[in-house]
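J.: Before we start, here is the structure in question, set down as C-alpha cells.
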Amino acid sequence: MVPVPARVVTGAGRFTFDAATPLAADPALARAAAWLRETLGPATGLPLPEGPGGVEIRLTDGLGPEEYRLTVTPASVLIEATAPAGAFYGAQTLRQLLDPAAFRAGRTGDRTWTVPAVTIADAPRYAWRGCLIDVARHYLPKNDLLRYIDLLATHKLNVLHLHLTDDQGWRLEIRKYPRLTEVGAWRRESPRGAKRHGLFDGRPHGGFYSQEDIREIVSYAADRFVTVVPEIDLPGHTQAAIAAYPELGNLDTPLDVRTEWGVGENVLNVADETIAFFTDVLDEVLELFPGDYVCVGGDEVPKTQWNESVPAKERIRELNLRDAEELQTWLMRHFTDYLLARGRKPLGWDELLEGGLPPGVTVAAWRGDKCATLAARSGHDVVVSPFAETYLDFRQAEGDQEPVPIGSVTSLDAVHAFDPVPAGLTGEERGRILGAQAALWTEHIDSPRLLDYMAFPRLAAFAEAVWSEERDFGGFLARLAVHEKRLDALGVEYRPAGGPHPWQRRPDAPGHPRTRAEIDGKLAAWTANLRF
C-alpha cells in the first residue's frame, strides 16, 4: 500500500463484501462512512446499507487526530479512530485492501470483493503533508483540480497549496477589483520550452476561479480532510496585477501580463494605496479560505525598480531604513501583522528570513537545509519544500526523452529517500518542522495529462516519505506495482518505469537540463548571505 502503514499484522482468511454487507459508524465519524459508501458503491455495485455488523467505524479514545486502527477478520471489519480524519484514513486503507477495480467510477463486471484478515495500527509521521500546484503559470480547470484533491486524499496528503497569482496570470476573482481577472487572468502567448530557446506558442492562455468555484473547491477538499492554503504572491511575481491596475507598479508605461518565465523585474510599489489595495484583496481571501494558513510569498523580489524609484527612496528615508532589502521587510511585515491580527498564520517563502520575521510566521523553506535550519533555530515553524528534492517539475531521468527536461534529475528513489528534517537540529528545533510539501510548478506543465506524468508515481513516493518511517525502496517498488493498477483505474497517466510513452514526450518544446552540482551551486549562491 502507498503510503505503507506503520504496523501491520496479517491474519488468516478474508472478509467478503456482498450486497447485504452493512456499514455503520459512530455519528462523530459519519463522514468517513459516507465517503466510503459513495466511493465504493459505484465501483462495486454494493449498497453498503446502514446497520450493525459487517463494517463498523467506531469512536475510541487515546488515538491521535489522524491515527486509526483497522481490524479485519473473516466476520467483520472495524475501523477505530478518535477523530474524523483518522477514520477517513482508515477508510482509505480499507479501499486499498480491495481489488484495484475499487478505484474505478463504475462497475466493470461481476467479481467477489474481499479483503485479507489483517490488523493495522497507523499514524502519520508529519502533520503537514502537502502538495503545491501552480495554477498561475498554467490554469488548471476546476474539475481537474477537484480530481487532484481526490488524488491527494487517496495518498493521505492533507494540504493543497494553491499558487493563485504570478506574473503570468491572476486566477482568483476579487470582487472589489474585477480587472484582476478581466485583464490579469489572460496572456497572449506562452513560451514553448525553456526560456533559452526563445520559442513561443502564439496561443492565448487564461482562466480563473470564481468565488463560488473557490467555495466549492474548499468545501470539496474539507470533506476529504485536505486544507487549501491560498497564495497571493507579494511584492514580486505581480506583473499580472500591475497589468490590470498600472498604478500598482513603479513605471509610467503600461504592462501586459507577462509572457516569459523566470523572475521578472516588475514589482509592486510601496505606496499607501498599493498596501490598501492588497489588504482589500486579503480581506476577500480570508472570507473564501477558512484554514489557518495564508501564503503571502515574499520570494524572488528584484530591487532594481525600488532602487531607481523616487517614492521608494523617500519611503526608505521616511522609515529610516538601510536599503531596499529592509523596505521589503517593512512591507511584508504589514501583511504578516495583518494576518496575525485576524487569527491566521502567515506562510512565506524563506527569503523572508533575510530581513527578520515576527513570531508566528511559518517559513516555507525551498532553498535547502540551510534555510530550514535557520528558520527552526530562529523559533519559526517550518514547512520543508527543497528545490532539489521535492520540485516535481524537475526532470525524472537523464536523456532528452523526458518532456521539457529542466533542472537536475529528481528520481523516484530520491523522492522516496527524502527526509524533511535537516541534520543537526535539537529536539525542540525538530519539533518546529511541521512537515513537507512537494511542488508542481507549471511553467512547462501545460495540461492535466502532463501534470499526471510529472506528479506520478513520484507523488506516491513523497506521500510515503512524509507519512511513515519506511525507507525500503525495494519494498516500495513491489507495492508500487500494485498501486499502478489503482492509478490506472483512476485514469492517472503516470510515468512508466521504462520512460515516457511516445505521446508523453515533447520534442517540440526543448528544455534546459542542469546537473545537480549546478543546482547546488545556485542554492549556495542564493543563501550565501544567511548566517546562523
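By order in the C-alpha cells, chains are A, B, ...; within a chain, residues start at 1; ligands start at 1, following the order shown.
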With only C-alpha atoms as the counted atoms, please give the residues lying no more than 12 Å from segment 108-114 of chain A, apart from itself and same-chain residues fewer than 2 positions off, as a PDB file with N, CA and C atoms, in the first residue's frame.
T.:
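As written to disk, out-v4.pdb reads:
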```
ATOM      1  N   GLY A  13      -7.554 -16.002   6.586  1.00  0.00           N
ATOM      2  CA  GLY A  13      -8.867 -15.832   5.987  1.00  0.00           C
ATOM      3  C   GLY A  13      -9.072 -14.454   5.386  1.00  0.00           C
ATOM      4  N   ARG A  14     -10.282 -14.219   4.884  1.00  0.00           N
ATOM      5  CA  ARG A  14     -10.630 -12.963   4.235  1.00  0.00           C
ATOM      6  C   ARG A  14     -12.056 -12.586   4.607  1.00  0.00           C
ATOM      7  N   PHE A  15     -12.298 -11.283   4.627  1.00  0.00           N
ATOM      8  CA  PHE A  15     -13.658 -10.783   4.800  1.00  0.00           C
ATOM      9  C   PHE A  15     -14.247 -10.553   3.417  1.00  0.00           C
ATOM     10  N   THR A  16     -15.488 -11.003   3.213  1.00  0.00           N
ATOM     11  CA  THR A  16     -16.143 -10.879   1.916  1.00  0.00           C
ATOM     12  C   THR A  16     -17.290  -9.887   1.999  1.00  0.00           C
ATOM     13  N   PHE A  17     -17.259  -8.896   1.097  1.00  0.00           N
ATOM     14  CA  PHE A  17     -18.370  -7.956   0.951  1.00  0.00           C
ATOM     15  C   PHE A  17     -19.423  -8.582   0.042  1.00  0.00           C
ATOM     16  N   ASP A  18     -20.680  -8.371   0.379  1.00  0.00           N
ATOM     17  CA  ASP A  18     -21.753  -8.750  -0.537  1.00  0.00           C
ATOM     18  C   ASP A  18     -22.853  -7.693  -0.479  1.00  0.00           C
ATOM     19  N   ALA A  19     -23.937  -7.939  -1.179  1.00  0.00           N
ATOM     20  CA  ALA A  19     -24.995  -6.933  -1.292  1.00  0.00           C
ATOM     21  C   ALA A  19     -25.627  -6.595   0.051  1.00  0.00           C
ATOM     22  N   THR A  21     -23.906  -6.535   2.987  1.00  0.00           N
ATOM     23  CA  THR A  21     -22.930  -6.080   3.969  1.00  0.00           C
ATOM     24  C   THR A  21     -23.292  -4.691   4.480  1.00  0.00           C
ATOM     25  N   LEU A  40     -17.210   3.421  -2.838  1.00  0.00           N
ATOM     26  CA  LEU A  40     -17.236   2.005  -3.185  1.00  0.00           C
ATOM     27  C   LEU A  40     -18.517   1.596  -3.901  1.00  0.00           C
ATOM     28  N   GLY A  41     -19.608   2.301  -3.643  1.00  0.00           N
ATOM     29  CA  GLY A  41     -20.886   1.906  -4.227  1.00  0.00           C
ATOM     30  C   GLY A  41     -20.855   1.798  -5.743  1.00  0.00           C
ATOM     31  N   PRO A  42     -20.443   2.849  -6.470  1.00  0.00           N
ATOM     32  CA  PRO A  42     -20.447   2.763  -7.933  1.00  0.00           C
ATOM     33  C   PRO A  42     -19.505   1.686  -8.473  1.00  0.00           C
ATOM     34  N   ALA A  43     -18.340   1.516  -7.848  1.00  0.00           N
ATOM     35  CA  ALA A  43     -17.353   0.569  -8.363  1.00  0.00           C
ATOM     36  C   ALA A  43     -17.750  -0.878  -8.092  1.00  0.00           C
ATOM     37  N   THR A  44     -18.353  -1.119  -6.945  1.00  0.00           N
ATOM     38  CA  THR A  44     -18.661  -2.493  -6.547  1.00  0.00           C
ATOM     39  C   THR A  44     -20.108  -2.889  -6.814  1.00  0.00           C
ATOM     40  N   GLY A  45     -20.984  -1.913  -6.916  1.00  0.00           N
ATOM     41  CA  GLY A  45     -22.402  -2.212  -7.034  1.00  0.00           C
ATOM     42  C   GLY A  45     -23.028  -2.651  -5.722  1.00  0.00           C
ATOM     43  N   LEU A  46     -22.294  -2.484  -4.628  1.00  0.00           N
ATOM     44  CA  LEU A  46     -22.791  -2.885  -3.305  1.00  0.00           C
ATOM     45  C   LEU A  46     -23.364  -1.665  -2.592  1.00  0.00           C
ATOM     46  N   VAL A  72      -9.454  -6.451  10.457  1.00  0.00           N
ATOM     47  CA  VAL A  72     -10.281  -7.237   9.539  1.00  0.00           C
ATOM     48  C   VAL A  72     -10.197  -8.698   9.963  1.00  0.00           C
ATOM     49  N   THR A  73     -11.355  -9.305  10.175  1.00  0.00           N
ATOM     50  CA  THR A  73     -11.455 -10.745  10.418  1.00  0.00           C
ATOM     51  C   THR A  73     -12.390 -11.330   9.355  1.00  0.00           C
ATOM     52  N   PRO A  74     -12.468 -12.627   9.241  1.00  0.00           N
ATOM     53  CA  PRO A  74     -13.433 -13.196   8.276  1.00  0.00           C
ATOM     54  C   PRO A  74     -14.878 -12.798   8.559  1.00  0.00           C
ATOM     55  N   ALA A  75     -15.159 -12.310   9.785  1.00  0.00           N
ATOM     56  CA  ALA A  75     -16.532 -11.990  10.142  1.00  0.00           C
ATOM     57  C   ALA A  75     -16.859 -10.506  10.115  1.00  0.00           C
ATOM     58  N   SER A  76     -15.838  -9.632  10.204  1.00  0.00           N
ATOM     59  CA  SER A  76     -16.146  -8.199  10.337  1.00  0.00           C
ATOM     60  C   SER A  76     -14.945  -7.336   9.956  1.00  0.00           C
ATOM     61  N   VAL A  77     -15.252  -6.046   9.763  1.00  0.00           N
ATOM     62  CA  VAL A  77     -14.238  -5.015   9.554  1.00  0.00           C
ATOM     63  C   VAL A  77     -14.490  -3.920  10.573  1.00  0.00           C
ATOM     64  N   LEU A  94      -8.742   0.749   3.906  1.00  0.00           N
ATOM     65  CA  LEU A  94      -9.653  -0.348   3.583  1.00  0.00           C
ATOM     66  C   LEU A  94      -9.875  -0.424   2.064  1.00  0.00           C
ATOM     67  N   ARG A  95     -10.057   0.698   1.431  1.00  0.00           N
ATOM     68  CA  ARG A  95     -10.222   0.710  -0.028  1.00  0.00           C
ATOM     69  C   ARG A  95      -8.993   0.147  -0.721  1.00  0.00           C
ATOM     70  N   GLN A  96      -7.799   0.473  -0.199  1.00  0.00           N
ATOM     71  CA  GLN A  96      -6.574  -0.034  -0.803  1.00  0.00           C
ATOM     72  C   GLN A  96      -6.452  -1.553  -0.677  1.00  0.00           C
ATOM     73  N   LEU A  97      -7.080  -2.126   0.336  1.00  0.00           N
ATOM     74  CA  LEU A  97      -7.017  -3.572   0.517  1.00  0.00           C
ATOM     75  C   LEU A  97      -7.888  -4.328  -0.478  1.00  0.00           C
ATOM     76  N   LEU A  98      -8.819  -3.627  -1.113  1.00  0.00           N
ATOM     77  CA  LEU A  98      -9.686  -4.247  -2.103  1.00  0.00           C
ATOM     78  C   LEU A  98      -8.970  -4.366  -3.448  1.00  0.00           C
ATOM     79  N   ASP A  99      -9.585  -5.055  -4.359  1.00  0.00           N
ATOM     80  CA  ASP A  99      -9.085  -5.144  -5.726  1.00  0.00           C
ATOM     81  C   ASP A  99      -8.960  -3.737  -6.310  1.00  0.00           C
ATOM     82  N   PRO A 100      -7.923  -3.467  -7.137  1.00  0.00           N
ATOM     83  CA  PRO A 100      -7.778  -2.135  -7.730  1.00  0.00           C
ATOM     84  C   PRO A 100      -9.019  -1.643  -8.475  1.00  0.00           C
ATOM     85  N   ALA A 101      -9.888  -2.528  -8.884  1.00  0.00           N
ATOM     86  CA  ALA A 101     -11.125  -2.101  -9.549  1.00  0.00           C
ATOM     87  C   ALA A 101     -12.010  -1.278  -8.622  1.00  0.00           C
ATOM     88  N   ALA A 102     -11.754  -1.316  -7.323  1.00  0.00           N
ATOM     89  CA  ALA A 102     -12.498  -0.484  -6.372  1.00  0.00           C
ATOM     90  C   ALA A 102     -12.197   0.993  -6.581  1.00  0.00           C
ATOM     91  N   PHE A 103     -11.168   1.321  -7.364  1.00  0.00           N
ATOM     92  CA  PHE A 103     -10.809   2.712  -7.628  1.00  0.00           C
ATOM     93  C   PHE A 103     -11.451   3.239  -8.910  1.00  0.00           C
ATOM     94  N   ARG A 104     -12.284   2.426  -9.541  1.00  0.00           N
ATOM     95  CA  ARG A 104     -12.974   2.882 -10.741  1.00  0.00           C
ATOM     96  C   ARG A 104     -14.279   3.580 -10.371  1.00  0.00           C
ATOM     97  N   ALA A 105     -14.818   4.325 -11.337  1.00  0.00           N
ATOM     98  CA  ALA A 105     -16.039   5.106 -11.093  1.00  0.00           C
ATOM     99  C   ALA A 105     -17.302   4.331 -11.413  1.00  0.00           C
ATOM    100  N   GLY A 106     -17.162   3.117 -11.914  1.00  0.00           N
ATOM    101  CA  GLY A 106     -18.319   2.290 -12.222  1.00  0.00           C
ATOM    102  C   GLY A 106     -17.918   0.832 -12.276  1.00  0.00           C
ATOM    103  N   PRO A 116      -8.112  -9.049   2.942  1.00  0.00           N
ATOM    104  CA  PRO A 116      -7.454 -10.040   3.799  1.00  0.00           C
ATOM    105  C   PRO A 116      -7.651  -9.720   5.276  1.00  0.00           C
ATOM    106  N   ALA A 117      -7.647 -10.771   6.088  1.00  0.00           N
ATOM    107  CA  ALA A 117      -7.666 -10.575   7.532  1.00  0.00           C
ATOM    108  C   ALA A 117      -6.345  -9.922   7.943  1.00  0.00           C
ATOM    109  N   ALA A 489      -6.756   2.544 -12.788  1.00  0.00           N
ATOM    110  CA  ALA A 489      -8.200   2.585 -12.577  1.00  0.00           C
ATOM    111  C   ALA A 489      -8.700   4.010 -12.419  1.00  0.00           C
TER     112      ALA A 489
END
```
J.: Just the residues within 10 Å of Pro230 of chain A, please, counting only C-alpha atoms, with nothing from its chain fewer than 3 positions along; format it as number ranges by chain.
T.: A: 132, 160-165, 172, 227, 233, 285-286, 288-289, 291, 293-296, 347
J.: What is the distance between atom CA of Gly348 of chain A and atom CA of Thr279 of chain A, in Å to one decimal?
T.: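 Calculated distance between atom CA of Gly348 of chain A and atom CA of Thr279 of chain A is 16.2 Å.
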J.: Go through A:Ile120, A:Leu357, A:Leu412, A:Val270 and flag the residue nearest Ala324 of chain A, using only C-alpha atoms for the distances.
T.: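 That would be A:Val270, the residue with the smallest distance to Ala324 of chain A.
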J.: What are the DSSP helix (DSSP H, G or I) residues of segment 32-166 of chain A, as a VMD selection string?
T.: chain A and resid 32 to 44 84 to 97 100 to 103 142 to 154
J.: By how many Å are atom CA of Gly511 of chain A and atom CA of Gly407 of chain A apart?
T.: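 Computing it gives 9.0 Å between the two atoms.
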J.: How would you write, as a VMD selection string, the set of residues in segment 184-401 of chain A that DSSP gives as strand (DSSP E)?
T.: chain A and resid 186 to 187 205 to 206 227 to 234 293 to 297 345 to 349 362 to 365 382 to 384
J.: Write out, as a Markdown table, each residue of segment 74-152 of chain A that has an atom at most 10 Å from segment 25-28 of chain A, together with the closest pair of atoms and their distance in Å to one decimal, counting only C-alpha atoms, rows going by chain and rising number.
T.:
```
| residue | atom | partner | partner_atom | distance |
| --- | --- | --- | --- | --- |
| A:Leu78 | CA | A:Ala25 | CA | 9.8 |
| A:Ile79 | CA | A:Ala25 | CA | 9.1 |
| A:Glu80 | CA | A:Ala25 | CA | 9.8 |
| A:Ala81 | CA | A:Ala28 | CA | 10.0 |
| A:Thr82 | CA | A:Ala28 | CA | 9.1 |
| A:Ala83 | CA | A:Ala28 | CA | 7.7 |
| A:Pro84 | CA | A:Ala28 | CA | 6.9 |
| A:Ala87 | CA | A:Ala25 | CA | 9.5 |
```
J.: Give the answer as one residue: which of A:Arg505, A:Arg129, A:Arg224, A:Arg258 has the shortest atom-to-atom distance to Tyr148 of chain A, using only C-alpha atoms?
T.: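 For Tyr148 of chain A, the nearest of the candidates is A:Arg224.
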J.: To one decimal place in Å, what is the distance between atom CA of Val421 of chain A and atom CA of Leu157 of chain A?
T.: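 That distance, rounded to one decimal, is 17.9 Å.
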J.: Which residue, A:Lys313, A:Arg37, A:Val267, A:Arg125, has the smallest gap to Glu470 of chain A when you use only C-alpha atoms?
T.: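 Among the listed residues, the smallest separation from Glu470 of chain A belongs to A:Arg125.
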